[in-house]
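Shown next: data-v4.cif, containing mmCIF, C-alpha atoms.
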data_work
#
loop_
_atom_site.group_PDB
_atom_site.id
_atom_site.type_symbol
_atom_site.label_atom_id
_atom_site.label_comp_id
_atom_site.auth_asym_id
_atom_site.auth_seq_id
_atom_site.Cartn_x
_atom_site.Cartn_y
_atom_site.Cartn_z
ATOM 1 C CA MET A 137 135.485 108.662 43.813
ATOM 2 C CA LEU A 138 132.151 107.001 43.562
ATOM 3 C CA PRO A 139 129.491 108.213 41.207
ATOM 4 C CA ARG A 140 126.644 110.199 42.806
ATOM 5 C CA ARG A 141 124.114 107.380 42.593
ATOM 6 C CA SER A 142 126.172 104.817 44.459
ATOM 7 C CA ARG A 143 127.112 107.125 47.360
ATOM 8 C CA PRO A 144 123.782 106.662 49.274
ATOM 9 C CA SER A 145 123.822 102.916 48.694
ATOM 10 C CA ALA A 146 127.426 102.713 49.892
ATOM 11 C CA LEU A 147 126.535 104.664 53.048
ATOM 12 C CA GLY A 148 123.549 102.368 53.641
ATOM 13 C CA ALA A 149 125.731 99.273 53.198
ATOM 14 C CA LEU A 150 128.322 100.700 55.622
ATOM 15 C CA ALA A 151 125.608 101.423 58.223
ATOM 16 C CA LEU A 152 124.254 97.882 57.823
ATOM 17 C CA MET A 153 127.698 96.353 58.352
ATOM 18 C CA LEU A 154 128.290 98.413 61.498
ATOM 19 C CA ALA A 155 124.895 97.452 62.884
ATOM 20 C CA LEU A 156 125.498 93.744 62.225
ATOM 21 C CA ALA A 157 128.980 93.939 63.697
ATOM 22 C CA GLY A 158 127.501 95.300 66.930
ATOM 23 C CA CYS A 159 124.988 92.441 67.106
ATOM 24 C CA SER A 160 127.291 89.523 67.746
ATOM 25 C CA ASP A 161 125.887 86.133 68.643
ATOM 26 C CA ASP A 162 128.448 85.417 71.350
ATOM 27 C CA SER A 163 126.693 83.813 74.274
ATOM 28 C CA GLY A 164 129.090 84.741 77.022
ATOM 29 C CA PRO A 165 129.838 87.752 79.168
ATOM 30 C CA PRO A 166 132.233 90.276 77.737
ATOM 31 C CA SER A 167 135.833 89.762 78.778
ATOM 32 C CA ALA A 168 137.302 92.015 81.435
ATOM 33 C CA PRO A 169 140.026 94.469 80.441
ATOM 34 C CA PRO A 170 143.547 93.364 81.379
ATOM 35 C CA ALA A 171 144.718 94.390 84.839
ATOM 36 C CA PRO A 172 147.271 97.222 84.864
ATOM 37 C CA ALA A 173 150.783 96.287 85.896
ATOM 38 C CA GLY A 174 152.051 97.784 89.113
ATOM 39 C CA PRO A 175 150.750 98.290 92.610
ATOM 40 C CA PRO A 176 147.023 97.591 93.062
ATOM 41 C CA ALA A 177 144.887 100.697 92.957
ATOM 42 C CA LYS A 178 142.211 101.429 95.546
ATOM 43 C CA ALA A 179 138.744 100.459 94.390
ATOM 44 C CA ALA A 180 136.268 103.223 93.682
ATOM 45 C CA PRO A 181 133.297 103.377 96.079
ATOM 46 C CA ALA A 182 130.325 101.326 94.909
ATOM 47 C CA GLY A 183 127.289 103.177 93.678
ATOM 48 C CA PRO A 184 126.344 105.445 90.824
ATOM 49 C CA PRO A 185 128.770 108.036 89.535
ATOM 50 C CA ALA A 186 128.624 111.380 91.280
ATOM 51 C CA LYS A 187 126.999 113.154 88.366
ATOM 52 C CA PHE A 188 124.038 110.695 88.460
ATOM 53 C CA ALA A 189 123.590 110.675 92.230
ATOM 54 C CA GLN A 190 120.066 111.558 93.320
ATOM 55 C CA ALA A 191 119.311 114.051 96.010
ATOM 56 C CA PRO A 192 117.266 112.651 98.911
ATOM 57 C CA LEU A 193 113.514 112.999 98.361
ATOM 58 C CA PRO A 194 111.620 115.360 100.651
ATOM 59 C CA PRO A 195 109.154 113.650 103.017
ATOM 60 C CA ALA A 196 105.715 113.130 101.471
ATOM 61 C CA ALA A 197 103.049 115.515 102.708
ATOM 62 C CA VAL A 198 100.267 113.810 104.663
ATOM 63 C CA TYR A 199 96.808 115.044 103.642
ATOM 64 C CA ALA A 200 93.818 114.715 105.939
ATOM 65 C CA TYR A 201 90.272 115.606 104.838
ATOM 66 C CA GLU A 202 88.595 117.966 107.283
ATOM 67 C CA THR A 203 84.814 117.608 107.188
ATOM 68 C CA LYS A 204 83.905 120.911 108.860
ATOM 69 C CA GLY A 205 80.249 119.850 108.938
ATOM 70 C CA ARG A 206 80.212 118.534 105.341
ATOM 71 C CA ARG A 207 79.644 114.952 104.307
ATOM 72 C CA ASP A 208 82.505 112.803 103.050
ATOM 73 C CA PRO A 209 82.392 113.035 99.223
ATOM 74 C CA PHE A 210 83.790 109.515 98.842
ATOM 75 C CA ARG A 211 81.018 107.753 100.750
ATOM 76 C CA PRO A 212 77.834 106.697 98.928
ATOM 77 C CA LEU A 213 74.671 108.698 99.503
ATOM 78 C CA ILE A 214 72.594 105.601 100.201
ATOM 79 C CA MET A 215 74.299 103.028 102.361
ATOM 80 C CA PRO A 216 73.338 99.404 101.690
ATOM 81 C CA LYS A 217 71.818 97.610 104.624
ATOM 82 C CA VAL A 218 74.197 95.097 106.115
ATOM 83 C CA ASP A 219 72.769 92.477 108.416
ATOM 84 C CA LYS A 220 74.638 92.653 111.665
ATOM 85 C CA PRO A 221 75.227 89.280 113.228
ATOM 86 C CA LYS A 222 73.253 88.895 116.390
ATOM 87 C CA PRO A 223 75.357 88.302 119.459
ATOM 88 C CA PRO A 224 75.195 84.727 120.635
ATOM 89 C CA GLY A 225 73.018 84.327 123.624
ATOM 90 C CA PRO A 226 69.649 83.056 124.676
ATOM 91 C CA ARG A 227 67.003 83.111 122.007
ATOM 92 C CA PRO A 228 63.999 85.275 122.742
ATOM 93 C CA SER A 229 60.929 83.497 124.020
ATOM 94 C CA GLY A 230 57.302 84.388 124.475
ATOM 95 C CA LEU A 231 56.023 87.476 122.638
ATOM 96 C CA ALA A 232 59.586 88.570 121.813
ATOM 97 C CA ALA A 233 59.997 85.540 119.523
ATOM 98 C CA LEU A 234 56.705 85.993 117.635
ATOM 99 C CA GLY A 235 55.587 88.046 114.674
ATOM 100 C CA VAL A 236 52.205 89.694 114.264
ATOM 101 C CA ASN A 237 51.338 87.322 111.394
ATOM 102 C CA GLU A 238 51.665 84.351 113.789
ATOM 103 C CA LEU A 239 49.122 85.633 116.299
ATOM 104 C CA LYS A 240 45.417 84.777 116.423
ATOM 105 C CA LEU A 241 43.055 87.192 118.168
ATOM 106 C CA ALA A 242 41.051 85.082 120.637
ATOM 107 C CA GLY A 243 39.141 87.795 122.481
ATOM 108 C CA ILE A 244 39.015 91.291 123.922
ATOM 109 C CA VAL A 245 38.210 92.158 127.523
ATOM 110 C CA TRP A 246 37.880 95.542 129.185
ATOM 111 C CA ASP A 247 37.555 97.138 132.563
ATOM 112 C CA ARG A 248 37.923 100.623 134.042
ATOM 113 C CA ARG A 249 41.598 100.825 132.959
ATOM 114 C CA GLY A 250 40.919 100.092 129.278
ATOM 115 C CA HIS A 251 40.811 97.277 126.718
ATOM 116 C CA PHE A 252 43.020 94.166 126.732
ATOM 117 C CA ALA A 253 43.507 91.783 123.830
ATOM 118 C CA LEU A 254 43.772 88.030 124.301
ATOM 119 C CA VAL A 255 45.942 86.475 121.600
ATOM 120 C CA GLU A 256 46.993 82.901 120.923
ATOM 121 C CA ALA A 257 50.437 81.829 119.630
ATOM 122 C CA PRO A 258 50.889 78.947 117.149
ATOM 123 C CA ASN A 259 52.010 76.650 119.977
ATOM 124 C CA GLY A 260 48.705 77.252 121.836
ATOM 125 C CA ALA A 261 50.102 79.638 124.477
ATOM 126 C CA GLY A 262 47.887 82.614 125.320
ATOM 127 C CA TYR A 263 49.024 86.173 125.989
ATOM 128 C CA VAL A 264 47.338 89.361 127.188
ATOM 129 C CA LEU A 265 48.247 92.505 125.213
ATOM 130 C CA ARG A 266 47.910 96.123 126.281
ATOM 131 C CA VAL A 267 48.503 99.329 124.334
ATOM 132 C CA ASN A 268 52.256 100.015 123.839
ATOM 133 C CA ASP A 269 53.261 96.355 124.343
ATOM 134 C CA THR A 270 55.914 95.114 121.916
ATOM 135 C CA ILE A 271 55.874 91.905 119.937
ATOM 136 C CA GLY A 272 59.115 90.671 118.434
ATOM 137 C CA GLU A 273 61.706 93.302 117.669
ATOM 138 C CA ASP A 274 59.702 95.704 115.528
ATOM 139 C CA THR A 275 55.974 95.542 116.332
ATOM 140 C CA LYS A 276 54.031 97.639 118.838
ATOM 141 C CA VAL A 277 50.361 97.552 119.885
ATOM 142 C CA THR A 278 48.918 100.981 119.060
ATOM 143 C CA ARG A 279 45.154 100.605 119.652
ATOM 144 C CA ILE A 280 42.667 98.107 121.068
ATOM 145 C CA THR A 281 38.949 98.481 120.339
ATOM 146 C CA PRO A 282 36.077 96.118 121.259
ATOM 147 C CA GLU A 283 36.335 94.506 117.790
ATOM 148 C CA SER A 284 40.026 94.710 116.792
ATOM 149 C CA VAL A 285 43.690 95.212 117.710
ATOM 150 C CA THR A 286 45.956 97.511 115.654
ATOM 151 C CA PHE A 287 49.709 96.945 115.432
ATOM 152 C CA GLU A 288 52.388 99.275 114.071
ATOM 153 C CA VAL A 289 55.088 97.276 112.276
ATOM 154 C CA ARG A 290 58.395 98.960 111.463
ATOM 155 C CA MET A 291 59.742 97.774 108.124
ATOM 156 C CA GLU A 292 63.448 97.559 107.421
ATOM 157 C CA SER A 293 64.590 99.633 104.475
ATOM 158 C CA PRO A 294 67.974 100.834 103.197
ATOM 159 C CA LEU A 295 66.759 104.417 103.414
ATOM 160 C CA PRO A 296 67.414 106.317 106.618
ATOM 161 C CA GLN A 297 63.700 106.949 107.180
ATOM 162 C CA ALA A 298 61.966 104.107 108.988
ATOM 163 C CA ARG A 299 58.830 102.937 107.199
ATOM 164 C CA THR A 300 55.894 101.648 109.168
ATOM 165 C CA ARG A 301 52.705 99.869 108.265
ATOM 166 C CA MET A 302 49.573 99.274 110.247
ATOM 167 C CA VAL A 303 48.237 95.726 110.718
ATOM 168 C CA GLU A 304 44.819 95.107 112.190
ATOM 169 C CA LEU A 305 43.545 91.823 113.614
ATOM 170 C CA GLN A 306 39.731 91.581 113.671
ATOM 171 C CA LEU A 307 37.805 89.586 116.238
ATOM 172 C CA LYS A 308 35.857 86.846 114.477
ATOM 173 C CA LYS A 309 32.132 87.006 115.158
ATOM 174 C CA GLU A 310 30.574 83.732 116.240
ATOM 175 C CA GLU A 311 27.334 82.923 114.495
#

Can the structure in the file be given as structure tokens, please?
Amino acid sequence: MLPRRSRPSALGALALMLALAGCSDDSGPPSAPPAPAGPPAKAAPAGPPAKFAQAPLPPAAVYAYETKGRRDPFRPLIMPKVDKPKPPGPRPSGLAALGVNELKLAGIVWDRRGHFALVEAPNGAGYVLRVNDTIGEDTKVTRITPESVTFEVRMESPLPQARTRMVELQLKKEE
């Protein structure tokens, strides 16, 4: 019998030896057990043992969000403005290709039907404008007086509300 003090150290040494014996440094696959003598036995079916076999998984449930008049909670409240590519085609010409800042008010004429504005483009071409005529994609003539022309320019903004500003071209007085 071992004295009481050496019993724990002996158990620790035994555990260490068993652990080291299990950690061999052999660099080869373990050898196969010897084949039994006699007629060859039928091979077991491949796959996991029956006690570890998994039951087939049930089909995953498909979930669809129904809006029912509500907004989609996963979409942002303010959508960023994305420039849509313009379809290829002929470029606009005339007033459709100009901006209000490119026009020069040359004169205003009137008759029984109302006032007309005579404007000049940067290339020297002249145009006659009436109320509700459009210039470019986002500018509309709102008012023509004997001294000025007022345009309503729609400004692009990421907010859903369209912002507009008023631009007025004054007729220059000759002295």

Output as a tab-separated table one row per residue of range 196-252 of chain A within 10 Å of range 259-282 of chain A: the closest atom pair and its distance in Å to one decimal place, counting all atoms listed in the file, sorted by chain and residue number ascending.
residue	atom	partner	partner_atom	distance
A:Pro228	CA	A:Gly272	CA	8.5
A:Ser229	CA	A:Gly272	CA	9.3
A:Gly230	CA	A:Tyr263	CA	8.6
A:Leu231	CA	A:Ile271	CA	5.2
A:Ala232	CA	A:Gly272	CA	4.0
A:Ala233	CA	A:Gly272	CA	5.3
A:Leu234	CA	A:Gly272	CA	5.3
A:Gly235	CA	A:Gly272	CA	5.8
A:Val236	CA	A:Ile271	CA	7.1
A:Glu238	CA	A:Asn259	CA	9.9
A:Leu239	CA	A:Gly262	CA	9.6
A:Lys240	CA	A:Gly262	CA	9.5
A:Leu241	CA	A:Gly262	CA	9.8
A:Ala242	CA	A:Gly262	CA	8.6
A:Gly243	CA	A:Pro282	CA	9.0
A:Ile244	CA	A:Pro282	CA	6.2
A:Val245	CA	A:Pro282	CA	7.7
A:Trp246	CA	A:Pro282	CA	8.1
A:Gly250	CA	A:Arg266	CA	8.6
A:His251	CA	A:Ile280	CA	6.0
A:Phe252	CA	A:Arg266	CA	5.3

Would you save the residues from that selection as a short mmCIF file (atom, residue, chain, number, x, y, z; two decimals), in the coordinates of the input, using C-alpha atoms?
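What landed in part_10.cif:
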data_model
loop_
_atom_site.label_atom_id
_atom_site.label_comp_id
_atom_site.auth_asym_id
_atom_site.auth_seq_id
_atom_site.Cartn_x
_atom_site.Cartn_y
_atom_site.Cartn_z
CA PRO A 228 64.00 85.28 122.74
CA SER A 229 60.93 83.50 124.02
CA GLY A 230 57.30 84.39 124.48
CA LEU A 231 56.02 87.48 122.64
CA ALA A 232 59.59 88.57 121.81
CA ALA A 233 60.00 85.54 119.52
CA LEU A 234 56.70 85.99 117.64
CA GLY A 235 55.59 88.05 114.67
CA VAL A 236 52.20 89.69 114.26
CA GLU A 238 51.66 84.35 113.79
CA LEU A 239 49.12 85.63 116.30
CA LYS A 240 45.42 84.78 116.42
CA LEU A 241 43.06 87.19 118.17
CA ALA A 242 41.05 85.08 120.64
CA GLY A 243 39.14 87.80 122.48
CA ILE A 244 39.02 91.29 123.92
CA VAL A 245 38.21 92.16 127.52
CA TRP A 246 37.88 95.54 129.18
CA GLY A 250 40.92 100.09 129.28
CA HIS A 251 40.81 97.28 126.72
CA PHE A 252 43.02 94.17 126.73
#

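The residue that comes closest to Met215 in chain A, out of A:Ser293, A:Gln190, A:Thr300, A:Ser284 and on the basis of all atoms listed in the file, is A:Ser293.
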
Calculate how many Å separate CA of Pro216 in chain A from CA of Val303 in chain A, rounding to one decimal.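 CA of Val303 in chain A lies at a distance of 26.9 Å from CA of Pro216 in chain A.
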
What does the distance between CA of Pro212 in chain A and CA of Val198 in chain A come to in Å, to one decimal place?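 CA of Pro212 in chain A sits 24.2 Å away from CA of Val198 in chain A.
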
Atom pair CA of Arg290 in chain A / CA of Ala257 in chain A: separation (Å):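 Pair CA of Arg290 in chain A / CA of Ala257 in chain A returns 20.6 Å.
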
Repaired coordinates for range 236-257 of chain A (N, CA and C atoms) as a JSON list (two decimals), in the coordinates of the input:
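Final output, out_6.json:
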[["chain", "number", "residue", "atom", "x", "y", "z"],
["A", 236, "VAL", "N", 53.64, 89.40, 114.22],
["A", 236, "VAL", "CA", 52.20, 89.69, 114.26],
["A", 236, "VAL", "C", 51.42, 88.74, 113.36],
["A", 237, "ASN", "N", 52.04, 88.23, 112.30],
["A", 237, "ASN", "CA", 51.34, 87.32, 111.39],
["A", 237, "ASN", "C", 51.15, 85.94, 112.01],
["A", 238, "GLU", "N", 51.81, 85.65, 113.13],
["A", 238, "GLU", "CA", 51.66, 84.35, 113.79],
["A", 238, "GLU", "C", 50.57, 84.36, 114.86],
["A", 239, "LEU", "N", 50.09, 85.52, 115.21],
["A", 239, "LEU", "CA", 49.12, 85.63, 116.30],
["A", 239, "LEU", "C", 47.69, 85.46, 115.80],
["A", 240, "LYS", "N", 46.86, 84.92, 116.70],
["A", 240, "LYS", "CA", 45.42, 84.78, 116.42],
["A", 240, "LYS", "C", 44.68, 85.50, 117.55],
["A", 241, "LEU", "N", 43.81, 86.43, 117.17],
["A", 241, "LEU", "CA", 43.06, 87.19, 118.17],
["A", 241, "LEU", "C", 41.94, 86.31, 118.71],
["A", 242, "ALA", "N", 42.03, 85.98, 120.02],
["A", 242, "ALA", "CA", 41.05, 85.08, 120.64],
["A", 242, "ALA", "C", 39.91, 85.85, 121.31],
["A", 243, "GLY", "N", 40.19, 87.04, 121.83],
["A", 243, "GLY", "CA", 39.14, 87.80, 122.48],
["A", 243, "GLY", "C", 39.65, 89.13, 122.97],
["A", 244, "ILE", "N", 38.68, 89.98, 123.38],
["A", 244, "ILE", "CA", 39.02, 91.29, 123.92],
["A", 244, "ILE", "C", 38.21, 91.48, 125.19],
["A", 245, "VAL", "N", 38.87, 91.88, 126.26],
["A", 245, "VAL", "CA", 38.21, 92.16, 127.52],
["A", 245, "VAL", "C", 38.50, 93.59, 127.91],
["A", 246, "TRP", "N", 37.65, 94.17, 128.75],
["A", 246, "TRP", "CA", 37.88, 95.54, 129.18],
["A", 246, "TRP", "C", 37.42, 95.72, 130.61],
["A", 247, "ASP", "N", 37.97, 96.72, 131.22],
["A", 247, "ASP", "CA", 37.56, 97.14, 132.56],
["A", 247, "ASP", "C", 37.74, 98.64, 132.67],
["A", 248, "ARG", "N", 37.80, 99.17, 133.87],
["A", 248, "ARG", "CA", 37.92, 100.62, 134.04],
["A", 248, "ARG", "C", 39.23, 101.16, 133.47],
["A", 249, "ARG", "N", 40.29, 100.36, 133.44],
["A", 249, "ARG", "CA", 41.60, 100.82, 132.96],
["A", 249, "ARG", "C", 41.72, 100.79, 131.44],
["A", 250, "GLY", "N", 40.86, 100.13, 130.73],
["A", 250, "GLY", "CA", 40.92, 100.09, 129.28],
["A", 250, "GLY", "C", 40.68, 98.70, 128.72],
["A", 251, "HIS", "N", 41.01, 98.54, 127.43],
["A", 251, "HIS", "CA", 40.81, 97.28, 126.72],
["A", 251, "HIS", "C", 42.10, 96.44, 126.74],
["A", 252, "PHE", "N", 41.91, 95.11, 126.79],
["A", 252, "PHE", "CA", 43.02, 94.17, 126.73],
["A", 252, "PHE", "C", 42.71, 93.15, 125.66],
["A", 253, "ALA", "N", 43.71, 92.76, 124.90],
["A", 253, "ALA", "CA", 43.51, 91.78, 123.83],
["A", 253, "ALA", "C", 44.07, 90.44, 124.27],
["A", 254, "LEU", "N", 43.32, 89.39, 124.02],
["A", 254, "LEU", "CA", 43.77, 88.03, 124.30],
["A", 254, "LEU", "C", 44.18, 87.41, 122.97],
["A", 255, "VAL", "N", 45.45, 87.05, 122.85],
["A", 255, "VAL", "CA", 45.94, 86.48, 121.60],
["A", 255, "VAL", "C", 46.49, 85.08, 121.87],
["A", 256, "GLU", "N", 46.51, 84.28, 120.81],
["A", 256, "GLU", "CA", 46.99, 82.90, 120.92],
["A", 256, "GLU", "C", 48.16, 82.71, 119.95],
["A", 257, "ALA", "N", 49.25, 82.12, 120.44],
["A", 257, "ALA", "CA", 50.44, 81.83, 119.63],
["A", 257, "ALA", "C", 50.23, 80.51, 118.89]]
